[in-house]
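> Coordinates in model_12.csv, CSV, C-alpha atoms and all ligand atoms, are listed below.
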chain,number,residue,atom,x,y,z
M,1,MET,CA,-12.3,31.7,-18.1
M,2,SER,CA,-12.8,31.5,-21.8
M,3,SER,CA,-11.8,33.5,-24.8
M,4,LEU,CA,-15.0,32.5,-26.7
M,5,ASP,CA,-17.8,35.0,-27.4
M,6,SER,CA,-20.9,34.7,-25.3
M,7,ALA,CA,-22.9,32.6,-27.8
M,8,SER,CA,-20.1,30.1,-28.1
M,9,GLN,CA,-19.6,30.1,-24.4
M,10,SER,CA,-23.2,29.2,-23.8
M,11,ASP,CA,-22.9,26.3,-26.4
M,12,LEU,CA,-19.7,25.2,-24.6
M,13,LEU,CA,-21.4,25.2,-21.3
M,14,LYS,CA,-24.4,23.2,-22.6
M,15,ALA,CA,-21.9,20.7,-24.0
M,16,VAL,CA,-20.1,20.5,-20.7
M,17,LEU,CA,-23.4,20.0,-18.8
M,18,ASN,CA,-24.6,17.3,-21.2
M,19,THR,CA,-21.4,15.4,-21.3
M,20,ALA,CA,-20.5,15.5,-17.6
M,21,VAL,CA,-20.4,12.1,-16.1
M,22,ASP,CA,-21.7,13.3,-12.8
M,23,GLY,CA,-25.1,14.7,-12.2
M,24,ILE,CA,-25.3,18.6,-12.0
M,25,ILE,CA,-28.3,20.1,-10.4
M,26,ALA,CA,-28.9,23.8,-9.7
M,27,ILE,CA,-31.6,25.2,-7.4
M,28,ASP,CA,-32.8,28.7,-6.5
M,29,ARG,CA,-33.0,30.2,-3.0
M,30,ARG,CA,-36.3,28.4,-2.3
M,31,GLY,CA,-34.9,25.1,-3.2
M,32,ARG,CA,-36.6,24.8,-6.7
M,33,ILE,CA,-34.7,22.9,-9.4
M,34,CYS,CA,-33.7,25.1,-12.3
M,35,LEU,CA,-31.0,23.0,-14.0
M,36,PHE,CA,-30.9,19.2,-14.3
M,37,ASN,CA,-28.3,17.8,-16.7
M,38,LYS,CA,-28.3,14.6,-18.7
M,39,ALA,CA,-26.4,12.6,-16.1
M,40,SER,CA,-28.9,13.6,-13.5
M,41,GLU,CA,-31.7,12.3,-15.7
M,42,LEU,CA,-29.9,9.0,-16.0
M,43,LEU,CA,-29.3,8.9,-12.2
M,44,PHE,CA,-32.7,9.8,-11.0
M,45,GLY,CA,-34.9,8.6,-13.8
M,46,TYR,CA,-36.6,11.9,-14.3
M,47,GLU,CA,-36.7,14.0,-17.5
M,48,ALA,CA,-35.4,17.5,-16.8
M,49,GLU,CA,-38.8,18.9,-17.8
M,50,GLU,CA,-40.5,16.9,-15.1
M,51,VAL,CA,-38.4,18.4,-12.3
M,52,PHE,CA,-38.0,22.0,-13.3
M,53,GLY,CA,-39.6,24.2,-10.7
M,54,LYS,CA,-40.0,21.3,-8.2
M,55,ASN,CA,-38.4,21.3,-4.8
M,56,VAL,CA,-35.1,19.5,-4.9
M,57,HIS,CA,-36.2,17.4,-1.9
M,58,ILE,CA,-38.1,15.1,-4.4
M,59,LEU,CA,-34.7,13.7,-5.1
M,60,MET,CA,-34.2,12.6,-1.5
M,61,PRO,CA,-35.7,9.9,0.6
M,62,GLU,CA,-37.0,10.5,4.1
M,63,PRO,CA,-35.8,11.7,6.6
M,64,TYR,CA,-33.6,14.0,4.4
M,65,ARG,CA,-36.6,15.1,2.4
M,66,SER,CA,-38.4,16.6,5.4
M,67,GLN,CA,-35.2,18.0,6.9
M,68,HIS,CA,-34.1,19.6,3.6
M,69,ASP,CA,-36.1,22.9,3.7
M,70,SER,CA,-35.3,23.6,7.3
M,71,TYR,CA,-31.6,22.8,6.5
M,72,ILE,CA,-31.5,25.4,3.7
M,73,ALA,CA,-33.3,27.9,6.0
M,74,ASN,CA,-30.9,27.3,8.8
M,75,TYR,CA,-27.9,27.7,6.5
M,76,GLN,CA,-29.3,30.9,5.1
M,77,ALA,CA,-29.9,32.3,8.7
M,78,THR,CA,-26.7,31.0,10.4
M,79,GLY,CA,-24.2,30.2,7.6
M,80,GLU,CA,-23.6,26.9,9.3
M,81,GLU,CA,-22.4,24.4,6.7
M,82,LYS,CA,-23.4,20.8,6.6
M,83,ILE,CA,-23.2,20.1,2.9
M,84,ILE,CA,-22.8,23.5,1.2
M,85,GLY,CA,-19.2,24.3,0.5
M,86,ILE,CA,-18.2,20.7,1.4
M,87,GLY,CA,-19.3,17.3,0.2
M,88,ARG,CA,-20.7,14.2,1.9
M,89,GLU,CA,-22.3,10.9,1.3
M,90,VAL,CA,-26.1,11.0,1.3
M,91,GLU,CA,-29.0,9.0,-0.1
M,92,GLY,CA,-30.7,9.8,-3.4
M,93,ARG,CA,-34.2,8.8,-4.4
M,94,ARG,CA,-35.1,7.9,-8.0
M,95,LYS,CA,-38.4,8.6,-9.7
M,96,ASP,CA,-39.5,4.9,-9.1
M,97,GLY,CA,-38.9,5.4,-5.3
M,98,SER,CA,-35.8,3.3,-5.1
M,99,THR,CA,-32.8,4.8,-3.3
M,100,PHE,CA,-29.1,4.8,-3.9
M,101,PRO,CA,-26.0,6.1,-2.1
M,102,MET,CA,-24.5,9.2,-3.6
M,103,TYR,CA,-21.7,11.6,-3.0
M,104,LEU,CA,-23.0,15.2,-3.1
M,105,SER,CA,-21.0,18.3,-3.1
M,106,VAL,CA,-22.7,21.7,-3.2
M,107,GLY,CA,-21.4,25.1,-4.1
M,108,GLU,CA,-23.1,28.4,-3.4
M,109,VAL,CA,-23.7,30.8,-6.3
M,110,THR,CA,-23.3,34.3,-4.9
M,111,ASP,CA,-23.4,36.5,-8.1
M,112,ARG,CA,-26.7,35.5,-9.6
M,113,ALA,CA,-30.2,36.2,-8.3
M,114,GLU,CA,-31.9,33.3,-10.0
M,115,LEU,CA,-29.4,30.7,-8.8
M,116,ALA,CA,-28.5,29.7,-5.3
M,117,TYR,CA,-26.7,26.4,-5.2
M,118,VAL,CA,-25.2,24.0,-7.6
M,119,GLY,CA,-24.9,20.4,-6.6
M,120,ILE,CA,-22.7,17.7,-8.2
M,121,VAL,CA,-23.9,14.2,-7.5
M,122,ARG,CA,-22.2,10.8,-8.1
M,123,ASP,CA,-23.7,7.4,-7.7
M,124,ILE,CA,-21.4,5.5,-5.2
M,125,THR,CA,-23.2,2.2,-5.2
M,126,ALA,CA,-20.2,0.4,-6.7
M,127,GLN,CA,-17.7,2.0,-4.2
M,128,ARG,CA,-20.0,1.1,-1.3
M,129,GLU,CA,-20.2,-2.5,-2.5
M,130,ASN,CA,-16.4,-2.7,-2.9
M,131,PHE,CA,-16.0,-1.2,0.5
M,132,ARG,CA,-18.4,-3.8,2.0
M,133,ALA,CA,-16.6,-6.6,0.2
M,134,LEU,CA,-13.3,-5.3,1.6
M,135,GLU,CA,-14.8,-5.1,5.1
M,136,ASP,CA,-16.1,-8.7,4.8
M,137,ALA,CA,-12.8,-9.9,3.6
M,138,CYS,CA,-11.1,-8.2,6.6
M,139,VAL,CA,-13.6,-9.9,9.0
M,140,ARG,CA,-13.0,-13.3,7.3
M,141,ALA,CA,-9.2,-12.8,7.5
M,142,GLU,CA,-9.5,-11.9,11.1
M,143,ILE,CA,-11.6,-15.0,11.9
M,144,ALA,CA,-9.1,-17.2,10.0
M,145,ASN,CA,-6.3,-15.6,11.9
M,146,GLN,CA,-7.9,-16.3,15.2
M,147,ALA,CA,-8.7,-19.9,14.2
M,148,LYS,CA,-5.0,-20.3,13.2
M,149,SER,CA,-3.8,-18.9,16.6
M,150,GLU,CA,-6.3,-21.2,18.4
M,151,PHE,CA,-5.1,-24.1,16.4
M,152,LEU,CA,-1.4,-23.3,17.2
M,153,SER,CA,-2.1,-23.0,20.9
M,154,ARG,CA,-4.0,-26.3,21.0
M,155,MET,CA,-1.3,-28.0,18.9
M,156,SER,CA,1.5,-26.9,21.2
M,157,HIS,CA,-0.5,-28.1,24.2
M,158,GLU,CA,-1.1,-31.5,22.6
M,159,LEU,CA,2.5,-31.8,21.6
M,160,ARG,CA,3.8,-30.7,25.0
M,161,THR,CA,2.0,-33.4,26.9
M,162,PRO,CA,3.7,-36.5,25.4
M,163,LEU,CA,7.0,-34.6,25.1
M,164,ASN,CA,6.9,-33.9,28.8
M,165,ALA,CA,6.3,-37.6,29.5
M,166,VAL,CA,9.3,-38.5,27.3
M,167,LEU,CA,11.5,-36.0,29.1
M,168,GLY,CA,10.2,-36.8,32.6
M,169,PHE,CA,10.7,-40.6,32.3
M,170,ALA,CA,14.0,-40.2,30.6
M,171,GLN,CA,15.2,-37.9,33.4
M,172,ILE,CA,14.1,-40.3,36.1
M,173,LEU,CA,16.0,-43.1,34.3
M,174,SER,CA,19.1,-41.1,33.8
M,175,LEU,CA,19.2,-39.6,37.4
M,176,SER,CA,18.5,-42.8,39.2
M,177,GLU,CA,21.5,-44.6,40.8
M,178,PRO,CA,21.9,-48.1,39.3
M,179,GLY,CA,19.8,-50.6,41.2
M,180,VAL,CA,17.4,-48.1,42.7
M,181,LEU,CA,14.7,-48.8,40.2
M,182,SER,CA,13.4,-52.3,39.9
M,183,PRO,CA,13.8,-53.8,36.4
M,184,GLU,CA,10.0,-53.8,36.1
M,185,LYS,CA,9.8,-50.1,36.9
M,186,GLU,CA,12.6,-49.4,34.4
M,187,ASN,CA,10.7,-51.4,31.8
M,188,GLU,CA,7.5,-49.5,32.6
M,189,TYR,CA,9.3,-46.1,32.1
M,190,PHE,CA,11.0,-47.2,28.9
M,191,GLU,CA,7.6,-48.3,27.6
M,192,ALA,CA,6.1,-45.0,28.6
M,193,ILE,CA,8.8,-43.2,26.7
M,194,ILE,CA,8.3,-45.3,23.6
M,195,SER,CA,4.5,-45.0,23.6
M,196,SER,CA,4.6,-41.2,24.3
M,197,GLY,CA,7.2,-41.0,21.5
M,198,ASN,CA,4.9,-42.9,19.1
M,199,HIS,CA,2.0,-40.8,20.1
M,200,LEU,CA,4.0,-37.7,19.4
M,201,LEU,CA,5.0,-39.0,16.0
M,202,GLY,CA,1.4,-39.9,15.2
M,203,LEU,CA,0.3,-36.4,16.2
M,204,ILE,CA,3.0,-34.7,14.1
M,205,GLU,CA,2.0,-36.9,11.1
M,206,ASP,CA,-1.6,-36.0,11.5
M,207,VAL,CA,-0.8,-32.3,11.8
M,208,LEU,CA,1.3,-32.5,8.6
M,209,ASP,CA,-1.5,-34.4,6.9
M,210,LEU,CA,-4.0,-31.8,7.9
M,211,SER,CA,-1.9,-28.9,6.8
M,212,LYS,CA,-1.1,-30.5,3.5
M,213,ILE,CA,-4.9,-31.1,2.9
M,214,GLU,CA,-5.6,-27.5,3.9
M,215,HIS,CA,-3.0,-26.2,1.4
M,216,GLY,CA,-4.4,-28.4,-1.3
M,217,GLN,CA,-1.2,-30.5,-1.4
M,218,VAL,CA,-3.0,-33.8,-1.0
M,219,GLU,CA,-4.4,-35.0,-4.2
M,220,VAL,CA,-7.3,-37.4,-4.2
M,221,SER,CA,-7.6,-39.7,-7.1
M,222,ILE,CA,-11.2,-40.3,-7.7
M,223,ALA,CA,-12.4,-43.5,-9.3
M,224,PRO,CA,-15.3,-45.9,-8.9
M,225,VAL,CA,-15.0,-47.6,-5.5
M,226,ASP,CA,-17.0,-50.5,-4.1
M,227,LEU,CA,-18.3,-48.9,-0.9
M,228,LEU,CA,-19.1,-52.2,0.8
M,229,ARG,CA,-15.8,-53.8,0.1
M,230,THR,CA,-14.0,-50.8,1.4
M,231,LEU,CA,-16.1,-51.0,4.5
M,232,ARG,CA,-15.3,-54.7,5.0
M,233,GLN,CA,-11.5,-53.9,4.7
M,234,SER,CA,-11.8,-51.0,7.2
M,235,ILE,CA,-13.6,-53.3,9.7
M,236,THR,CA,-10.8,-55.8,9.4
M,237,MET,CA,-8.2,-53.2,9.9
M,238,VAL,CA,-9.8,-51.7,13.1
M,239,GLN,CA,-10.3,-55.2,14.6
M,240,PRO,CA,-7.7,-54.6,17.3
M,241,VAL,CA,-9.5,-51.5,18.5
M,242,LEU,CA,-12.9,-53.3,18.4
M,243,SER,CA,-11.4,-56.2,20.4
M,244,ARG,CA,-9.7,-53.8,22.9
M,245,TYR,CA,-13.0,-52.2,23.8
M,246,ARG,CA,-15.1,-55.4,23.3
M,247,ILE,CA,-17.3,-53.8,20.6
M,248,SER,CA,-19.3,-55.9,18.2
M,249,ILE,CA,-20.3,-54.8,14.7
M,250,VAL,CA,-24.0,-55.2,13.7
M,251,ASP,CA,-24.3,-55.1,10.0
M,252,ASP,CA,-27.4,-57.2,9.3
M,253,ALA,CA,-29.0,-54.3,7.6
M,254,LEU,CA,-26.3,-54.5,4.9
M,255,SER,CA,-27.6,-57.8,3.5
M,256,ASN,CA,-30.7,-55.9,2.3
M,257,ALA,CA,-29.0,-52.7,1.5
M,258,PRO,CA,-27.8,-51.3,-1.8
M,259,MET,CA,-24.1,-51.8,-2.4
M,260,PRO,CA,-23.2,-48.9,-4.4
M,261,LEU,CA,-20.1,-47.9,-6.4
M,262,VAL,CA,-19.1,-44.4,-5.4
M,263,HIS,CA,-16.8,-41.8,-6.8
M,264,ALA,CA,-14.0,-41.7,-4.2
M,265,ASP,CA,-10.3,-42.1,-3.5
M,266,GLU,CA,-10.2,-45.7,-2.1
M,267,VAL,CA,-7.3,-45.2,0.2
M,268,ARG,CA,-8.6,-41.9,1.7
M,269,LEU,CA,-12.1,-43.4,2.0
M,270,ARG,CA,-10.8,-46.4,3.9
M,271,GLN,CA,-8.9,-43.9,6.2
M,272,CYS,CA,-12.2,-42.0,6.8
M,273,ILE,CA,-14.3,-45.1,7.5
M,274,MET,CA,-11.6,-46.5,9.8
M,275,ASN,CA,-11.6,-43.3,11.8
M,276,LEU,CA,-15.4,-43.3,12.2
M,277,LEU,CA,-15.3,-47.0,13.2
M,278,SER,CA,-12.5,-46.6,15.7
M,279,ASN,CA,-14.2,-43.6,17.2
M,280,GLY,CA,-17.4,-45.7,17.5
M,281,ALA,CA,-15.4,-48.2,19.5
M,282,LYS,CA,-13.3,-45.8,21.6
M,283,TYR,CA,-16.3,-43.6,22.6
M,284,ASN,CA,-18.6,-46.6,23.2
M,285,LYS,CA,-19.5,-48.4,26.4
M,286,PRO,CA,-17.6,-51.6,27.1
M,287,GLY,CA,-19.4,-54.4,25.3
M,288,GLY,CA,-21.3,-51.9,23.1
M,289,LYS,CA,-22.3,-52.1,19.5
M,290,ILE,CA,-21.5,-50.3,16.2
M,291,ILE,CA,-24.5,-50.6,13.8
M,292,ILE,CA,-23.8,-50.1,10.1
M,293,LYS,CA,-26.3,-49.2,7.5
M,294,CYS,CA,-26.1,-48.1,3.9
M,295,GLU,CA,-28.7,-46.3,1.8
M,296,ILE,CA,-29.3,-44.3,-1.3
M,297,THR,CA,-30.4,-40.7,-0.5
M,298,PRO,CA,-33.3,-39.1,-2.4
M,299,ALA,CA,-30.7,-36.9,-4.1
M,300,GLY,CA,-29.1,-40.1,-5.5
M,301,ARG,CA,-26.0,-40.3,-3.3
M,302,ALA,CA,-24.7,-43.2,-1.3
M,303,ARG,CA,-25.0,-42.8,2.5
M,304,LEU,CA,-23.0,-45.0,4.9
M,305,ILE,CA,-24.2,-44.8,8.5
M,306,ILE,CA,-22.0,-45.7,11.4
M,307,GLU,CA,-24.0,-45.6,14.6
M,308,ASP,CA,-22.8,-46.5,18.1
M,309,THR,CA,-24.3,-47.2,21.5
M,310,GLY,CA,-21.7,-45.0,23.2
M,311,ILE,CA,-21.4,-42.1,25.4
M,312,GLY,CA,-22.7,-39.6,22.9
M,313,ILE,CA,-21.8,-35.9,22.4
M,314,PRO,CA,-23.4,-33.0,24.1
M,315,ARG,CA,-25.6,-31.1,21.6
M,316,GLU,CA,-23.9,-27.8,22.2
M,317,ARG,CA,-20.5,-29.3,21.3
M,318,LEU,CA,-21.5,-31.0,18.1
M,319,SER,CA,-20.3,-28.1,16.0
M,320,GLU,CA,-16.8,-28.3,17.5
M,321,LEU,CA,-16.2,-31.9,16.6
M,322,PHE,CA,-14.6,-31.3,13.2
M,323,LYS,CA,-12.2,-28.6,14.6
M,324,PRO,CA,-8.7,-29.9,14.9
M,325,PHE,CA,-7.6,-30.9,18.5
M,326,THR,CA,-11.1,-30.8,19.9
M,327,ARG,CA,-11.8,-33.6,22.2
M,328,VAL,CA,-15.3,-33.5,23.8
M,329,SER,CA,-15.5,-37.0,25.2
M,330,LYS,CA,-15.3,-37.5,28.9
M,331,ARG,CA,-13.4,-40.8,28.4
M,332,GLU,CA,-10.0,-39.1,28.8
M,333,GLU,CA,-8.3,-42.5,29.2
M,334,VAL,CA,-9.1,-43.0,25.5
M,335,GLU,CA,-6.2,-42.2,23.2
M,336,GLY,CA,-6.7,-39.7,20.5
M,337,SER,CA,-5.5,-36.3,19.3
M,338,GLY,CA,-8.8,-34.7,18.1
M,339,ILE,CA,-7.5,-34.5,14.5
M,340,GLY,CA,-9.2,-37.6,13.0
M,341,LEU,CA,-12.6,-36.0,12.3
M,342,ALA,CA,-11.0,-32.8,11.0
M,343,ILE,CA,-9.0,-34.9,8.5
M,344,THR,CA,-12.0,-37.1,7.7
M,345,ARG,CA,-14.2,-34.1,6.9
M,346,GLN,CA,-11.5,-32.5,4.7
M,347,PHE,CA,-11.0,-35.8,2.7
M,348,VAL,CA,-14.7,-36.4,2.3
M,349,GLU,CA,-15.3,-32.9,1.1
M,350,GLN,CA,-12.4,-33.3,-1.4
M,351,MET,CA,-14.3,-36.3,-2.7
M,352,ASP,CA,-17.4,-34.1,-3.1
M,353,GLY,CA,-19.0,-35.8,-0.2
M,354,LYS,CA,-20.3,-34.8,3.2
M,355,VAL,CA,-20.0,-36.1,6.7
M,356,SER,CA,-22.6,-35.3,9.4
M,357,VAL,CA,-23.4,-36.4,12.9
M,358,VAL,CA,-26.4,-36.6,15.2
M,359,SER,CA,-25.9,-37.7,18.8
M,360,LYS,CA,-27.6,-38.1,22.1
M,361,GLU,CA,-25.6,-37.9,25.3
M,362,GLY,CA,-25.5,-41.3,27.1
M,363,VAL,CA,-27.3,-43.0,24.2
M,364,GLY,CA,-24.9,-42.9,21.2
M,365,SER,CA,-23.8,-41.1,18.0
M,366,ARG,CA,-24.7,-41.6,14.4
M,367,PHE,CA,-22.2,-40.5,11.8
M,368,ALA,CA,-23.3,-40.4,8.2
M,369,LEU,CA,-20.9,-40.3,5.2
M,370,GLU,CA,-22.4,-39.3,1.9
M,371,LEU,CA,-20.6,-39.8,-1.4
M,372,PRO,CA,-21.6,-39.3,-5.1
M,373,LEU,CA,-22.9,-42.4,-6.7
M,374,VAL,CA,-21.4,-43.8,-9.9
M,375,ALA,CA,-24.2,-43.4,-12.4
M,376,GLY,CA,-26.0,-46.6,-13.4
M,377,THR,CA,-24.5,-48.7,-10.6
M,378,GLN,CA,-27.6,-48.9,-8.4
M,379,THR,CA,-27.2,-52.4,-6.9
M,380,PHE,CA,-29.2,-55.4,-5.9
M,381,ALA,CA,-29.2,-56.0,-2.2
M,382,GLY,CA,-27.3,-58.8,-0.6
M,383,THR,CA,-26.1,-60.5,-3.8
M,384,GLY,CA,-23.2,-58.1,-4.6
M,385,LEU,CA,-24.5,-58.1,-8.2
M,386,ARG,CA,-24.8,-54.8,-10.0
M,387,ARG,CA,-27.3,-53.8,-12.6
R,401,LIG,P1,-9.8,-38.4,18.5
R,401,LIG,O1,-10.6,-39.6,18.6
R,401,LIG,O2,-8.4,-38.7,18.1
R,401,LIG,O3,-9.8,-37.6,19.8
R,401,LIG,P2,-11.4,-37.2,16.4
R,401,LIG,O4,-11.2,-36.0,15.6
R,401,LIG,O5,-11.6,-38.5,15.7
R,401,LIG,O6,-10.2,-37.3,17.4
R,401,LIG,O7,-12.7,-37.0,17.3
R,401,LIG,C1,-12.8,-35.7,18.0
R,401,LIG,C2,-13.6,-35.8,19.3
R,401,LIG,O8,-14.9,-36.1,18.9
R,401,LIG,C3,-13.2,-37.0,20.1
R,401,LIG,O9,-12.1,-36.7,21.0
R,401,LIG,C4,-14.5,-37.3,20.9
R,401,LIG,O10,-14.5,-36.4,22.0
R,401,LIG,C5,-15.5,-36.9,19.9
R,401,LIG,N1,-16.1,-38.1,19.2
R,401,LIG,C6,-15.7,-38.6,18.0
R,401,LIG,N2,-16.5,-39.6,17.6
R,401,LIG,C7,-17.3,-39.9,18.7
R,401,LIG,C8,-18.3,-40.9,18.9
R,401,LIG,N3,-18.6,-41.8,18.1
R,401,LIG,N4,-18.9,-40.8,20.1
R,401,LIG,C9,-18.7,-39.8,21.0
R,401,LIG,N5,-17.7,-38.9,20.8
R,401,LIG,C10,-17.0,-38.9,19.7
For this file, produce the structure as structure tokens.
Ligand code: ADP

Amino acid sequence: MSSLDSASQSDLLKAVLNTAVDGIIAIDRRGRICLFNKASELLFGYEAEEVFGKNVHILMPEPYRSQHDSYIANYQATGEEKIIGIGREVEGRRKDGSTFPMYLSVGEVTDRAELAYVGIVRDITAQRENFRALEDACVRAEIANQAKSEFLSRMSHELRTPLNAVLGFAQILSLSEPGVLSPEKENEYFEAIISSGNHLLGLIEDVLDLSKIEHGQVEVSIAPVDLLRTLRQSITMVQPVLSRYRISIVDDALSNAPMPLVHADEVRLRQCIMNLLSNGAKYNKPGGKIIIKCEITPAGRARLIIEDTGIGIPRERLSELFKPFTRVSKREEVEGSGIGLAITRQFVEQMDGKVSVVSKEGVGSRFALELPLVAGTQTFAGTGLRR
């Protein structure tokens, strides 16, 4: 093994033991520690002097500690290997009682009476953590993959419906002998084709929007925005929907409310508010109301509340609302794709805001949109003046 004389060999061995990165521990046939190198001291927090002559099981937590002596006895009687001759992951116990995962490989000493086994131990906490992080990443990737598949299958279903209508009506028109269909019927079918086509186009645009946002390709340009003015513009723009469902806006509370400047992208914010308003109309009862309030949260953010007197959302389905293509309302005659809220949430989060909902079936829903306030623009109610 070595060409050195025995004194030099002993020095060399000492140097090896003391510089080894892994812990090296030797025990006698009764399990008593007779060698404990520097790395072992660092690993277990014991000085070598403290452990010499003690049973090696002090370095193990329960249940290994209690099993250890019987394990050695069993090995000596039967030769059955569990650790000896091989290696495996076990738990180590430090002097302070804390435990850590370690890889232990044990070799048997056969040619010396005072020595029985030599164990090499390595702290594998970091590997365990890396492994766990890898496992977590795999689980997250799997969930994301499933969500993508679900999204694709919902999307193809949503696209197929209007496409089938286009093809179906076009086929009827092309196969009908001239004069068989009345001009009114023909018109009706043409209109169905156009409206299904438009619906399809809207859907595709929404899906593209959503995928662009998800891939970070939609930039929001954040600037101070007058929340109340944006709200007024949004109300004007959704007027046709409000009229169609005979919905009135109740905004008395705004005359006493703060009118904050918020950090937002004005165009995107208008799109979000319009979506919440038009949902408040679509999923309302005929002749229902949309009540609008605005407040400053204790955390100093602006909160716009859009509440309706509509059909509400079952509690167990609230968490699904912001998933693309999820439609939970029973008003199936109402047009929609189930993408609006998903887009709203993405935009609001890009603006460092938050959108939340509470709802009661048959009573109504309350959507709240929170945005960061521009510092120093806390406002006087009603007057539109700012401090
Ligand atoms: P869309 O209105 O196009 O279906 P959204 O993403 O805007 O899509 O909304 C998703 C679903 O959430 C709607 O289909 C509806 O079932 C439900 N929803 C949204 N807003 C309301 C509301 N104010 N009241 C009741 N249900 C609502």
> Could you list the protein, DNA and RNA residues that have any atom within 9 Å of ligand LIG 401 (chain R), counting only C-alpha atoms and all ligand atoms, and write them as an MDAnalysis selection string?
chainID M and resid 275:284 306:314 318 320:332 334:344 357 359 361 364:367
> List as a PDB file with C-alpha atoms, in the coordinates of the input the protein and nucleic acid residues near range 188-200 of chain M, meaning an atom at most 12 Å away when only C-alpha atoms are counted, but skip any in the same chain fewer than 5 places from it.

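Saved as result-v1.pdb:
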ATOM      1  CA  MET M 155      -1.300 -28.000  18.900  1.00  0.00           C
ATOM      2  CA  SER M 156       1.500 -26.900  21.200  1.00  0.00           C
ATOM      3  CA  HIS M 157      -0.500 -28.100  24.200  1.00  0.00           C
ATOM      4  CA  GLU M 158      -1.100 -31.500  22.600  1.00  0.00           C
ATOM      5  CA  LEU M 159       2.500 -31.800  21.600  1.00  0.00           C
ATOM      6  CA  ARG M 160       3.800 -30.700  25.000  1.00  0.00           C
ATOM      7  CA  THR M 161       2.000 -33.400  26.900  1.00  0.00           C
ATOM      8  CA  PRO M 162       3.700 -36.500  25.400  1.00  0.00           C
ATOM      9  CA  LEU M 163       7.000 -34.600  25.100  1.00  0.00           C
ATOM     10  CA  ASN M 164       6.900 -33.900  28.800  1.00  0.00           C
ATOM     11  CA  ALA M 165       6.300 -37.600  29.500  1.00  0.00           C
ATOM     12  CA  VAL M 166       9.300 -38.500  27.300  1.00  0.00           C
ATOM     13  CA  LEU M 167      11.500 -36.000  29.100  1.00  0.00           C
ATOM     14  CA  GLY M 168      10.200 -36.800  32.600  1.00  0.00           C
ATOM     15  CA  PHE M 169      10.700 -40.600  32.300  1.00  0.00           C
ATOM     16  CA  ALA M 170      14.000 -40.200  30.600  1.00  0.00           C
ATOM     17  CA  GLN M 171      15.200 -37.900  33.400  1.00  0.00           C
ATOM     18  CA  ILE M 172      14.100 -40.300  36.100  1.00  0.00           C
ATOM     19  CA  LEU M 173      16.000 -43.100  34.300  1.00  0.00           C
ATOM     20  CA  SER M 174      19.100 -41.100  33.800  1.00  0.00           C
ATOM     21  CA  LEU M 181      14.700 -48.800  40.200  1.00  0.00           C
ATOM     22  CA  SER M 182      13.400 -52.300  39.900  1.00  0.00           C
ATOM     23  CA  PRO M 183      13.800 -53.800  36.400  1.00  0.00           C
ATOM     24  CA  GLU M 205       2.000 -36.900  11.100  1.00  0.00           C
ATOM     25  CA  ASP M 206      -1.600 -36.000  11.500  1.00  0.00           C
ATOM     26  CA  VAL M 207      -0.800 -32.300  11.800  1.00  0.00           C
ATOM     27  CA  GLU M 335      -6.200 -42.200  23.200  1.00  0.00           C
ATOM     28  CA  GLY M 336      -6.700 -39.700  20.500  1.00  0.00           C
ATOM     29  CA  SER M 337      -5.500 -36.300  19.300  1.00  0.00           C
TER      30      SER M 337
END
> Taking into account only C-alpha atoms, which residue in the set M:Tyr117, M:Phe100, M:Phe52, M:Tyr71 is nearest to Glu129 in chain M?
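Looking only at the distances to Glu129 in chain M, the closest residue turns out to be M:Phe100.
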> Taking only C-alpha atoms into account, name the residue in M:Val262, M:Met351, M:Cys138, M:Ile305 that is nearest to Ala375 in chain M.
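Closest residue, counting only C-alpha atoms: M:Val262.
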> Give the answer as one residue: which of M:Ser153, M:Thr99, M:Asn37, M:Gln233 has the shortest atom-to-atom distance to Ile124 in chain M, using all atoms listed in the file?
M:Thr99
> So, counting all atoms listed in the file, which residue among M:Ile235, M:Ala116, M:Ala126, M:Leu175 is closest to Pro101 in chain M?
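Closest residue, counting all atoms listed in the file: M:Ala126.
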> Tell me, in Å to one decimal, how far CA of Met274 in chain M is from CA of Leu242 in chain M.
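Between these atoms lies a distance of 11.0 Å.
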> Extract, using all atoms listed in the file, all DNA, RNA and protein residues at most 7 Å from Gly53 in chain M, discarding same-chain residues fewer than 6 positions from it, and format them as JSON, numbers by chain.
{"M": [32, 33, 34]}
> What's the separation between CA of Asp22 in chain M and CA of Val121 in chain M, in Å to one decimal place?
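Going from CA of Asp22 in chain M over to CA of Val121 in chain M covers 5.8 Å.
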> What does the distance between CA of Val118 in chain M and CA of Ile24 in chain M come to in Å, to one decimal place?
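CA of Ile24 in chain M lies at a distance of 7.0 Å from CA of Val118 in chain M.
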> Pick out the closest residue to Leu304 in chain M from this set: M:Glu41, M:Glu184, M:Glu349, M:Glu370. Count all atoms listed in the file.
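Using all atoms listed in the file, Leu304 in chain M sits closest to M:Glu370.
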> Compile the contact shell of Arg232 in chain M as a PyMOL selection string: residues with an atom at most 10 Å away, counting only C-alpha atoms, same-chain residues fewer than 4 positions apart removed.
chain M and resi 227-228+236-237+270+273
